[in-house]
Structure formats: structure tokens, C-alpha cells
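Trainee: So here's work.pdb (PDB, C-alpha atoms).
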```
ATOM      1  CA  MET A   1       0.000   0.000   0.000
ATOM      2  CA  ILE A   2       2.847   2.386   0.772
ATOM      3  CA  PHE A   3       4.398   1.400  -2.521
ATOM      4  CA  HIS A   4       1.240   2.404  -4.418
ATOM      5  CA  ALA A   5       1.105   5.809  -2.674
ATOM      6  CA  ALA A   6       4.763   6.457  -3.507
ATOM      7  CA  ARG A   7       4.160   5.588  -7.172
ATOM      8  CA  ARG A   8       1.239   8.034  -7.328
ATOM      9  CA  ARG A   9       3.298  10.774  -5.636
ATOM     10  CA  ILE A  10       6.183  10.608  -8.111
ATOM     11  CA  GLY A  11       3.808  10.372 -11.115
ATOM     12  CA  VAL A  12       4.321   6.858 -12.388
ATOM     13  CA  PRO A  13       1.462   6.156 -14.809
ATOM     14  CA  GLN A  14      -0.919   3.401 -13.884
ATOM     15  CA  PHE A  15      -2.497   1.285 -16.540
ATOM     16  CA  PRO A  16      -5.937  -0.165 -16.004
ATOM     17  CA  LYS A  17      -6.353  -3.873 -15.691
ATOM     18  CA  VAL A  18      -7.507  -5.336 -18.959
ATOM     19  CA  ASN A  19     -10.207  -7.921 -18.878
ATOM     20  CA  ALA A  20     -13.087  -8.832 -21.134
ATOM     21  CA  ARG A  21     -15.653  -6.808 -19.197
ATOM     22  CA  ASN A  22     -13.809  -3.508 -19.839
ATOM     23  CA  LEU A  23     -13.730  -4.049 -23.616
ATOM     24  CA  VAL A  24     -17.469  -4.542 -24.108
ATOM     25  CA  PRO A  25     -19.486  -1.297 -24.087
ATOM     26  CA  ARG A  26     -22.295  -1.451 -21.606
ATOM     27  CA  ARG A  27     -24.136   1.643 -22.822
ATOM     28  CA  THR A  28     -27.249   1.199 -24.881
ATOM     29  CA  LEU A  29     -28.712   3.680 -27.317
ATOM     30  CA  ILE A  30     -31.099   6.172 -25.779
ATOM     31  CA  PRO A  31     -33.976   7.303 -27.970
ATOM     32  CA  ALA A  32     -34.241  10.998 -28.833
ATOM     33  CA  PRO A  33     -36.572  13.023 -26.622
ATOM     34  CA  LYS A  34     -40.159  13.263 -27.821
ATOM     35  CA  ASP A  35     -42.311  16.364 -27.894
ATOM     36  CA  ASN A  36     -43.436  17.480 -24.421
ATOM     37  CA  SER A  37     -41.174  14.936 -22.738
ATOM     38  CA  GLY A  38     -39.341  17.542 -20.684
ATOM     39  CA  PRO A  39     -35.809  18.847 -20.883
ATOM     40  CA  LEU A  40     -32.902  16.650 -21.859
ATOM     41  CA  MET A  41     -30.859  16.450 -18.673
ATOM     42  CA  GLU A  42     -27.787  14.708 -20.045
ATOM     43  CA  ARG A  43     -26.272  14.555 -23.497
ATOM     44  CA  ARG A  44     -24.605  11.480 -24.795
ATOM     45  CA  ALA A  45     -22.708  11.059 -28.020
ATOM     46  CA  ASP A  46     -24.299   7.715 -28.836
ATOM     47  CA  ARG A  47     -27.919   8.781 -28.582
ATOM     48  CA  GLU A  48     -30.358   8.516 -31.438
ATOM     49  CA  LEU A  49     -30.659  11.570 -33.696
ATOM     50  CA  PRO A  50     -33.967  13.458 -33.721
ATOM     51  CA  SER A  51     -36.294  13.098 -36.675
ATOM     52  CA  ILE A  52     -36.189  15.753 -39.365
ATOM     53  CA  ASN A  53     -39.297  17.890 -39.738
ATOM     54  CA  ASN A  54     -40.914  18.440 -43.106
ATOM     55  CA  GLU A  55     -40.484  22.212 -42.728
ATOM     56  CA  GLN A  56     -36.810  22.287 -43.596
ATOM     57  CA  ARG A  57     -36.921  25.654 -45.358
ATOM     58  CA  ARG A  58     -39.003  27.657 -42.943
ATOM     59  CA  TRP A  59     -36.343  30.374 -42.880
ATOM     60  CA  ILE A  60     -37.038  31.163 -46.562
ATOM     61  CA  ARG A  61     -40.400  32.660 -45.554
ATOM     62  CA  THR A  62     -38.715  34.986 -43.061
ATOM     63  CA  LEU A  63     -35.963  36.126 -45.452
ATOM     64  CA  PRO A  64     -38.056  38.902 -47.126
ATOM     65  CA  ILE A  65     -39.114  40.200 -43.715
ATOM     66  CA  PHE A  66     -35.485  40.265 -42.614
ATOM     67  CA  ALA A  67     -34.479  42.119 -45.804
ATOM     68  CA  VAL A  68     -37.202  44.750 -45.281
ATOM     69  CA  VAL A  69     -36.210  45.292 -41.643
ATOM     70  CA  VAL A  70     -32.512  45.627 -42.520
ATOM     71  CA  GLY A  71     -33.336  48.010 -45.391
ATOM     72  CA  ALA A  72     -35.527  50.194 -43.171
ATOM     73  CA  ALA A  73     -32.821  50.268 -40.503
ATOM     74  CA  MET A  74     -30.230  51.308 -43.091
ATOM     75  CA  LEU A  75     -32.459  54.117 -44.376
ATOM     76  CA  GLY A  76     -33.026  55.311 -40.817
ATOM     77  CA  ILE A  77     -29.318  55.261 -40.017
ATOM     78  CA  PHE A  78     -28.366  57.113 -43.196
ATOM     79  CA  ASN A  79     -31.094  59.716 -42.613
ATOM     80  CA  TYR A  80     -29.921  60.220 -39.034
ATOM     81  CA  GLN A  81     -26.397  60.737 -40.332
ATOM     82  CA  LYS A  82     -27.680  63.399 -42.747
ATOM     83  CA  SER A  83     -29.831  65.138 -40.138
ATOM     84  CA  SER A  84     -26.962  65.456 -37.674
ATOM     85  CA  SER A  85     -24.440  66.696 -40.245
ATOM     86  CA  SER A  86     -22.819  70.108 -40.154
ATOM     87  CA  VAL A  87     -24.424  71.036 -43.499
ATOM     88  CA  VAL A  88     -27.963  70.612 -42.161
ATOM     89  CA  ASN A  89     -27.087  72.398 -38.916
ATOM     90  CA  SER A  90     -25.521  75.300 -40.837
ATOM     91  CA  THR A  91     -28.472  75.689 -43.199
ATOM     92  CA  LEU A  92     -30.899  75.576 -40.282
ATOM     93  CA  TYR A  93     -28.874  78.210 -38.426
ATOM     94  CA  ALA A  94     -28.720  80.417 -41.541
ATOM     95  CA  LEU A  95     -32.478  79.985 -41.945
ATOM     96  CA  ARG A  96     -33.036  81.126 -38.340
ATOM     97  CA  THR A  97     -30.923  84.237 -38.859
ATOM     98  CA  SER A  98     -32.340  85.112 -42.299
ATOM     99  CA  PRO A  99     -34.760  88.093 -42.168
ATOM    100  CA  LYS A 100     -36.755  86.784 -45.151
ATOM    101  CA  ALA A 101     -37.201  83.359 -43.602
ATOM    102  CA  ARG A 102     -38.210  84.811 -40.231
ATOM    103  CA  GLU A 103     -40.734  87.052 -41.976
ATOM    104  CA  ILE A 104     -42.347  84.049 -43.680
ATOM    105  CA  LEU A 105     -41.987  81.288 -41.089
ATOM    106  CA  GLY A 106     -41.935  83.300 -37.901
ATOM    107  CA  ASP A 107     -39.715  82.727 -34.895
ATOM    108  CA  GLN A 108     -38.441  79.442 -33.432
ATOM    109  CA  ILE A 109     -37.535  77.862 -36.771
ATOM    110  CA  TYR A 110     -36.784  74.154 -36.492
ATOM    111  CA  PHE A 111     -37.559  70.846 -38.228
ATOM    112  CA  ALA A 112     -41.249  70.305 -39.003
ATOM    113  CA  GLN A 113     -41.259  66.712 -37.721
ATOM    114  CA  LYS A 114     -39.728  65.211 -34.601
ATOM    115  CA  ILE A 115     -37.754  62.836 -36.798
ATOM    116  CA  PRO A 116     -36.923  64.869 -39.903
ATOM    117  CA  TRP A 117     -36.511  63.269 -43.297
ATOM    118  CA  ILE A 118     -33.603  64.805 -45.201
ATOM    119  CA  SER A 119     -34.088  64.016 -48.874
ATOM    120  CA  GLY A 120     -31.485  64.445 -51.549
ATOM    121  CA  GLU A 121     -27.755  63.893 -51.904
ATOM    122  CA  MET A 122     -25.098  64.995 -49.446
ATOM    123  CA  ASN A 123     -21.757  63.968 -50.931
ATOM    124  CA  GLN A 124     -19.135  66.341 -49.602
ATOM    125  CA  LEU A 125     -16.292  64.150 -50.793
ATOM    126  CA  HIS A 126     -17.253  64.581 -54.442
ATOM    127  CA  GLY A 127     -18.445  68.169 -53.995
ATOM    128  CA  ARG A 128     -22.210  67.733 -54.384
ATOM    129  CA  ILE A 129     -24.825  68.796 -51.862
ATOM    130  CA  ASN A 130     -28.475  68.877 -52.896
ATOM    131  CA  ILE A 131     -30.812  68.477 -49.924
ATOM    132  CA  SER A 132     -34.292  69.525 -48.897
ATOM    133  CA  PHE A 133     -36.306  69.148 -45.703
ATOM    134  CA  TRP A 134     -39.396  70.574 -44.050
ATOM    135  CA  VAL A 135     -39.047  73.338 -41.461
ATOM    136  CA  LYS A 136     -41.581  75.170 -39.340
ATOM    137  CA  GLY A 137     -41.799  78.374 -37.398
ATOM    138  CA  THR A 138     -44.438  80.060 -35.256
ATOM    139  CA  LYS A 139     -46.393  81.235 -38.343
ATOM    140  CA  THR A 140     -46.213  78.453 -40.930
ATOM    141  CA  GLN A 141     -44.047  75.709 -42.340
ATOM    142  CA  GLY A 142     -42.199  75.235 -45.604
ATOM    143  CA  LYS A 143     -39.701  73.100 -47.485
ATOM    144  CA  MET A 144     -36.140  74.403 -47.469
ATOM    145  CA  ARG A 145     -33.928  73.493 -50.445
ATOM    146  CA  PHE A 146     -30.173  73.842 -50.482
ATOM    147  CA  ARG A 147     -27.850  73.052 -53.383
ATOM    148  CA  SER A 148     -24.116  73.639 -53.362
ATOM    149  CA  VAL A 149     -21.277  72.388 -55.559
ATOM    150  CA  ARG A 150     -17.512  72.354 -55.411
ATOM    151  CA  PRO A 151     -16.070  72.682 -58.938
ATOM    152  CA  ASP A 152     -12.747  71.016 -58.137
ATOM    153  CA  ARG A 153     -10.974  69.421 -55.203
ATOM    154  CA  MET A 154      -9.082  72.450 -53.983
ATOM    155  CA  SER A 155     -11.858  75.048 -54.210
ATOM    156  CA  PHE A 156     -14.603  76.036 -51.788
ATOM    157  CA  PHE A 157     -18.252  75.083 -52.101
ATOM    158  CA  ARG A 158     -20.388  77.477 -54.163
ATOM    159  CA  THR A 159     -24.051  77.816 -53.179
ATOM    160  CA  GLU A 160     -26.336  77.599 -56.217
ATOM    161  CA  GLU A 161     -29.733  77.452 -54.560
ATOM    162  CA  TRP A 162     -31.103  78.255 -51.143
ATOM    163  CA  SER A 163     -34.862  78.608 -51.217
ATOM    164  CA  LEU A 164     -37.950  78.182 -49.124
ATOM    165  CA  GLU A 165     -41.170  76.775 -50.579
ATOM    166  CA  THR A 166     -44.250  77.498 -48.494
ATOM    167  CA  GLU A 167     -47.255  75.223 -48.185
ATOM    168  CA  ASP A 168     -49.231  77.262 -50.739
ATOM    169  CA  GLY A 169     -46.497  76.689 -53.382
ATOM    170  CA  ALA A 170     -44.755  80.069 -53.311
ATOM    171  CA  VAL A 171     -40.965  79.797 -53.712
ATOM    172  CA  ILE A 172     -38.863  82.442 -51.951
ATOM    173  CA  GLN A 173     -35.188  82.723 -52.901
ATOM    174  CA  LEU A 174     -33.180  83.234 -49.723
ATOM    175  CA  LEU A 175     -29.866  83.604 -51.529
ATOM    176  CA  GLU A 176     -29.644  87.354 -51.905
ATOM    177  CA  ASN A 177     -27.631  89.136 -54.603
ATOM    178  CA  GLY A 178     -24.030  88.271 -53.852
ATOM    179  CA  ASN A 179     -24.760  87.816 -50.130
ATOM    180  CA  ASP A 180     -24.100  84.125 -49.494
ATOM    181  CA  PRO A 181     -24.239  83.276 -45.764
ATOM    182  CA  PHE A 182     -22.389  80.025 -46.425
ATOM    183  CA  ARG A 183     -19.420  81.501 -48.280
ATOM    184  CA  GLN A 184     -16.010  80.995 -46.704
ATOM    185  CA  GLU A 185     -13.377  83.623 -47.317
TER
END
```
Have the structure of the file written as C-alpha cells, please.

Mentor:
Amino acid sequence: MIFHAARRRIGVPQFPKVNARNLVPRRTLIPAPKDNSGPLMERRADRELPSINNEQRRWIRTLPIFAVVVGAAMLGIFNYQKSSSSVVNSTLYALRTSPKAREILGDQIYFAQKIPWISGEMNQLHGRINISFWVKGTKTQGKMRFRSVRPDRMSFFRTEEWSLETEDGAVIQLLENGNDPFRQE
């Protein structure tokens, strides 16, 4: 007995005794769990596989729904990126300080909706900005349009259009003769 303890202490490997009982597997196959049979409490590698349902391609029905949800999320993310950009903030600030816009819209000029939809292209890298969105004041609301281009890479943006279209269809040009509030010098 002391000899066995000493062999374990110094790490001598012990080999199991080989007899016929150790070579024959005693485990039997366990059938797969049935519906409403409760949770499977132990997993064994030699258990029977579950039966395959006839609805193998059920995910194909949910694929269009997934595509619509992902598309709507992308549109929302891109619109949020546009609405929080410096271009939209600058045009909204210029609209608030414009005497013509304040005369038409009134005070407290801001987006018309809680979640504004910024339509158009805002590609500052390639020098193209063409956006429009609805704004409101204390008097009325209107659609503000802003278009600006950059002719080449090293030049500044040039404002081509900055207008306000009221609900009754009247278009007011806010870009006064030579007085561009967005011009950098």
C-alpha cells in the first residue's frame, strides 16, 4: 500500500487492468426526446438523432421580412447621419438668422417633424450637396432646399440654390444678390 502511494506521488502512470468486461461497451442507445417529454438532462454522443421535420426551409419565408427590416434600418441610419451633419445644422442656423425666412416662417424655426426626413444627396467628398427638408416656425411651415457644388478638389463650395417653398407653393429665394451666408473667405 505504501508502494502504491509512492508511485502516485512521483507520477508513475498506472495502466488499467484489462479484462473482457472492460472491452465490451455497456451503454445502450437512448432514444431521442419526444415532444413534451421535458428537458434533456444529459447529453450522450451515442444517442439517437432526432427526426427531421418536413419544414426544412421555414427560414425562406422569413428572409423577405429580414431584408425589409434591414433596409428600413439602413435608411433610418443614413437619414440620421444626414440630419446630424454640419451642413444641415448650418443651413438651419442660416435659416433662423435670415430676415426673409423669419418674416415668412416666424420665430423658433426648427424641423417640421420630430424625426426629420432629409431628402437628396449629401456627398461632400465629391463636392455635391443637394438636400431639402421641411421646417416650421411660429407662423407656418415650408420646405427648405439647399444646393451647393464644389467645382474642383481644392476650391470652396459654391451655393447655387437656397430657397424656401411654403405650403401654398410660393418659392422664396433666400440667396440674396451676392450675399451668401455660407461663403467661406

Trainee: For a test of reading the model, state the distance in Å between CA of Ser148 (chain A) and CA of Leu174 (chain A), rounded to one decimal.

Mentor: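 Distance between the two atoms: 13.7 Å.
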
Trainee: Can you measure CA of Gln124 (chain A) to CA of Ser86 (chain A) for me? One decimal in Å is fine.

Mentor: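 Distance between the two atoms: 10.8 Å.
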
Trainee: Mind checking which residues fall within 12 Å of Tyr93 (chain A), counting only C-alpha atoms, ignoring those fewer than 2 positions away in the same chain, and posting them as a CSV table (one decimal) with C-alpha atoms, keeping the file's coordinate frame?

Mentor:
```csv
chain,number,residue,atom,x,y,z
A,86,SER,CA,-22.8,70.1,-40.2
A,87,VAL,CA,-24.4,71.0,-43.5
A,88,VAL,CA,-28.0,70.6,-42.2
A,89,ASN,CA,-27.1,72.4,-38.9
A,90,SER,CA,-25.5,75.3,-40.8
A,91,THR,CA,-28.5,75.7,-43.2
A,95,LEU,CA,-32.5,80.0,-41.9
A,96,ARG,CA,-33.0,81.1,-38.3
A,97,THR,CA,-30.9,84.2,-38.9
A,98,SER,CA,-32.3,85.1,-42.3
A,101,ALA,CA,-37.2,83.4,-43.6
A,102,ARG,CA,-38.2,84.8,-40.2
A,108,GLN,CA,-38.4,79.4,-33.4
A,109,ILE,CA,-37.5,77.9,-36.8
A,110,TYR,CA,-36.8,74.2,-36.5
A,111,PHE,CA,-37.6,70.8,-38.2
A,135,VAL,CA,-39.0,73.3,-41.5
A,181,PRO,CA,-24.2,83.3,-45.8
A,182,PHE,CA,-22.4,80.0,-46.4
```

Trainee: Find the distance between CA of Glu176 (chain A) and CA of Asp107 (chain A) and write it in Å to one decimal.

Mentor: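 Value for the CA of Glu176 (chain A)-CA of Asp107 (chain A) distance: 20.3 Å.
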
Trainee: Quick one: residues within 12 Å of Val171 (chain A), all atoms listed in the file counted, chain neighbours fewer than 3 positions away excluded, as an MDAnalysis selection string?

Mentor: chainID A and resid 100:101 104 142:145 161:168 174:175

Trainee: Filtering to C-alpha atoms, could you give me those residues as a PDB file, in the coordinates of the input?

Mentor:
```
ATOM      1  CA  LYS A 100     -36.755  86.784 -45.151  1.00  0.00           C
ATOM      2  CA  ALA A 101     -37.201  83.359 -43.602  1.00  0.00           C
ATOM      3  CA  ILE A 104     -42.347  84.049 -43.680  1.00  0.00           C
ATOM      4  CA  GLY A 142     -42.199  75.235 -45.604  1.00  0.00           C
ATOM      5  CA  LYS A 143     -39.701  73.100 -47.485  1.00  0.00           C
ATOM      6  CA  MET A 144     -36.140  74.403 -47.469  1.00  0.00           C
ATOM      7  CA  ARG A 145     -33.928  73.493 -50.445  1.00  0.00           C
ATOM      8  CA  GLU A 161     -29.733  77.452 -54.560  1.00  0.00           C
ATOM      9  CA  TRP A 162     -31.103  78.255 -51.143  1.00  0.00           C
ATOM     10  CA  SER A 163     -34.862  78.608 -51.217  1.00  0.00           C
ATOM     11  CA  LEU A 164     -37.950  78.182 -49.124  1.00  0.00           C
ATOM     12  CA  GLU A 165     -41.170  76.775 -50.579  1.00  0.00           C
ATOM     13  CA  THR A 166     -44.250  77.498 -48.494  1.00  0.00           C
ATOM     14  CA  GLU A 167     -47.255  75.223 -48.185  1.00  0.00           C
ATOM     15  CA  ASP A 168     -49.231  77.262 -50.739  1.00  0.00           C
ATOM     16  CA  LEU A 174     -33.180  83.234 -49.723  1.00  0.00           C
ATOM     17  CA  LEU A 175     -29.866  83.604 -51.529  1.00  0.00           C
TER      18      LEU A 175
END
```

Trainee: Quick check on the file I pasted: which residues fall under the PyMOL selection byres ((chain A and resi 158) around 8)? Write them as number ranges by chain.

Mentor: A: 148-150, 156-157, 159-160, 183

Trainee: Closest to Glu48 (chain A) among A:Lys136, A:Pro33, A:Thr62, A:Glu103, using all atoms listed in the file?

Mentor: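 Using all atoms listed in the file, Glu48 (chain A) sits closest to A:Pro33.
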
Trainee: Around (-31.3, 66.8, -44.3), as given in the file, which residues come within 12 Å? Count all atoms listed in the file and list them as a VMD selection string.

Mentor: chain A and resid 78 to 92 111 to 113 115 to 123 129 to 135 143 to 147

Trainee: Could you write region 133-155 of chain A as a PDB file, in the coordinates of the input, with N, CA, C and O atoms rebuilt where they are missing?

Mentor:
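What follows is the written file selection-v4.pdb:
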```
ATOM      1  N   PHE A 133     -35.578  69.674 -46.863  1.00  0.00           N
ATOM      2  CA  PHE A 133     -36.306  69.148 -45.703  1.00  0.00           C
ATOM      3  C   PHE A 133     -37.320  70.182 -45.250  1.00  0.00           C
ATOM      4  O   PHE A 133     -37.225  71.362 -45.567  1.00  0.00           O
ATOM      5  N   TRP A 134     -38.317  69.717 -44.517  1.00  0.00           N
ATOM      6  CA  TRP A 134     -39.396  70.574 -44.050  1.00  0.00           C
ATOM      7  C   TRP A 134     -38.995  71.253 -42.741  1.00  0.00           C
ATOM      8  O   TRP A 134     -38.445  70.613 -41.846  1.00  0.00           O
ATOM      9  N   VAL A 135     -39.301  72.554 -42.665  1.00  0.00           N
ATOM     10  CA  VAL A 135     -39.047  73.338 -41.461  1.00  0.00           C
ATOM     11  C   VAL A 135     -40.342  74.045 -41.064  1.00  0.00           C
ATOM     12  O   VAL A 135     -41.245  74.214 -41.876  1.00  0.00           O
ATOM     13  N   LYS A 136     -40.401  74.449 -39.811  1.00  0.00           N
ATOM     14  CA  LYS A 136     -41.581  75.170 -39.340  1.00  0.00           C
ATOM     15  C   LYS A 136     -41.148  76.288 -38.411  1.00  0.00           C
ATOM     16  O   LYS A 136     -40.077  76.250 -37.807  1.00  0.00           O
ATOM     17  N   GLY A 137     -41.988  77.267 -38.324  1.00  0.00           N
ATOM     18  CA  GLY A 137     -41.799  78.374 -37.398  1.00  0.00           C
ATOM     19  C   GLY A 137     -43.093  78.608 -36.645  1.00  0.00           C
ATOM     20  O   GLY A 137     -43.989  77.769 -36.644  1.00  0.00           O
ATOM     21  N   THR A 138     -43.209  79.768 -36.016  1.00  0.00           N
ATOM     22  CA  THR A 138     -44.438  80.060 -35.256  1.00  0.00           C
ATOM     23  C   THR A 138     -45.597  80.412 -36.176  1.00  0.00           C
ATOM     24  O   THR A 138     -46.749  80.250 -35.791  1.00  0.00           O
ATOM     25  N   LYS A 139     -45.328  80.857 -37.412  1.00  0.00           N
ATOM     26  CA  LYS A 139     -46.393  81.235 -38.343  1.00  0.00           C
ATOM     27  C   LYS A 139     -46.828  80.091 -39.245  1.00  0.00           C
ATOM     28  O   LYS A 139     -48.014  79.786 -39.353  1.00  0.00           O
ATOM     29  N   THR A 140     -45.893  79.488 -39.943  1.00  0.00           N
ATOM     30  CA  THR A 140     -46.213  78.453 -40.930  1.00  0.00           C
ATOM     31  C   THR A 140     -45.023  77.517 -41.102  1.00  0.00           C
ATOM     32  O   THR A 140     -44.021  77.630 -40.394  1.00  0.00           O
ATOM     33  N   GLN A 141     -45.151  76.612 -42.046  1.00  0.00           N
ATOM     34  CA  GLN A 141     -44.047  75.709 -42.340  1.00  0.00           C
ATOM     35  C   GLN A 141     -43.767  75.717 -43.833  1.00  0.00           C
ATOM     36  O   GLN A 141     -44.598  76.144 -44.633  1.00  0.00           O
ATOM     37  N   GLY A 142     -42.592  75.253 -44.203  1.00  0.00           N
ATOM     38  CA  GLY A 142     -42.199  75.235 -45.604  1.00  0.00           C
ATOM     39  C   GLY A 142     -41.071  74.247 -45.832  1.00  0.00           C
ATOM     40  O   GLY A 142     -40.486  73.698 -44.905  1.00  0.00           O
ATOM     41  N   LYS A 143     -40.761  74.031 -47.107  1.00  0.00           N
ATOM     42  CA  LYS A 143     -39.701  73.100 -47.485  1.00  0.00           C
ATOM     43  C   LYS A 143     -38.477  73.905 -47.898  1.00  0.00           C
ATOM     44  O   LYS A 143     -38.529  74.702 -48.828  1.00  0.00           O
ATOM     45  N   MET A 144     -37.381  73.700 -47.175  1.00  0.00           N
ATOM     46  CA  MET A 144     -36.140  74.403 -47.469  1.00  0.00           C
ATOM     47  C   MET A 144     -35.300  73.557 -48.413  1.00  0.00           C
ATOM     48  O   MET A 144     -35.130  72.365 -48.200  1.00  0.00           O
ATOM     49  N   ARG A 145     -34.800  74.168 -49.481  1.00  0.00           N
ATOM     50  CA  ARG A 145     -33.928  73.493 -50.445  1.00  0.00           C
ATOM     51  C   ARG A 145     -32.566  74.164 -50.424  1.00  0.00           C
ATOM     52  O   ARG A 145     -32.475  75.386 -50.384  1.00  0.00           O
ATOM     53  N   PHE A 146     -31.536  73.333 -50.473  1.00  0.00           N
ATOM     54  CA  PHE A 146     -30.173  73.842 -50.482  1.00  0.00           C
ATOM     55  C   PHE A 146     -29.353  73.030 -51.466  1.00  0.00           C
ATOM     56  O   PHE A 146     -29.332  71.799 -51.397  1.00  0.00           O
ATOM     57  N   ARG A 147     -28.717  73.720 -52.407  1.00  0.00           N
ATOM     58  CA  ARG A 147     -27.850  73.052 -53.383  1.00  0.00           C
ATOM     59  C   ARG A 147     -26.534  73.803 -53.455  1.00  0.00           C
ATOM     60  O   ARG A 147     -26.515  75.025 -53.634  1.00  0.00           O
ATOM     61  N   SER A 148     -25.450  73.053 -53.330  1.00  0.00           N
ATOM     62  CA  SER A 148     -24.116  73.639 -53.362  1.00  0.00           C
ATOM     63  C   SER A 148     -23.179  72.662 -54.065  1.00  0.00           C
ATOM     64  O   SER A 148     -23.321  71.459 -53.921  1.00  0.00           O
ATOM     65  N   VAL A 149     -22.231  73.228 -54.840  1.00  0.00           N
ATOM     66  CA  VAL A 149     -21.277  72.388 -55.559  1.00  0.00           C
ATOM     67  C   VAL A 149     -19.869  72.901 -55.305  1.00  0.00           C
ATOM     68  O   VAL A 149     -19.655  74.070 -54.982  1.00  0.00           O
ATOM     69  N   ARG A 150     -18.929  72.002 -55.470  1.00  0.00           N
ATOM     70  CA  ARG A 150     -17.512  72.354 -55.411  1.00  0.00           C
ATOM     71  C   ARG A 150     -16.925  71.980 -56.766  1.00  0.00           C
ATOM     72  O   ARG A 150     -16.850  70.802 -57.103  1.00  0.00           O
ATOM     73  N   PRO A 151     -16.520  72.977 -57.568  1.00  0.00           N
ATOM     74  CA  PRO A 151     -16.070  72.682 -58.938  1.00  0.00           C
ATOM     75  C   PRO A 151     -14.867  71.747 -59.012  1.00  0.00           C
ATOM     76  O   PRO A 151     -14.809  70.878 -59.873  1.00  0.00           O
ATOM     77  N   ASP A 152     -13.893  71.916 -58.146  1.00  0.00           N
ATOM     78  CA  ASP A 152     -12.747  71.016 -58.137  1.00  0.00           C
ATOM     79  C   ASP A 152     -12.331  70.741 -56.692  1.00  0.00           C
ATOM     80  O   ASP A 152     -12.871  71.313 -55.756  1.00  0.00           O
ATOM     81  N   ARG A 153     -11.353  69.887 -56.545  1.00  0.00           N
ATOM     82  CA  ARG A 153     -10.974  69.421 -55.203  1.00  0.00           C
ATOM     83  C   ARG A 153     -10.457  70.511 -54.293  1.00  0.00           C
ATOM     84  O   ARG A 153     -10.658  70.481 -53.097  1.00  0.00           O
ATOM     85  N   MET A 154      -9.748  71.467 -54.824  1.00  0.00           N
ATOM     86  CA  MET A 154      -9.082  72.450 -53.983  1.00  0.00           C
ATOM     87  C   MET A 154      -9.880  73.742 -53.814  1.00  0.00           C
ATOM     88  O   MET A 154      -9.410  74.675 -53.182  1.00  0.00           O
ATOM     89  N   SER A 155     -11.075  73.817 -54.338  1.00  0.00           N
ATOM     90  CA  SER A 155     -11.858  75.048 -54.210  1.00  0.00           C
ATOM     91  C   SER A 155     -12.908  74.909 -53.107  1.00  0.00           C
ATOM     92  O   SER A 155     -13.137  73.826 -52.576  1.00  0.00           O
TER      93      SER A 155
END
```
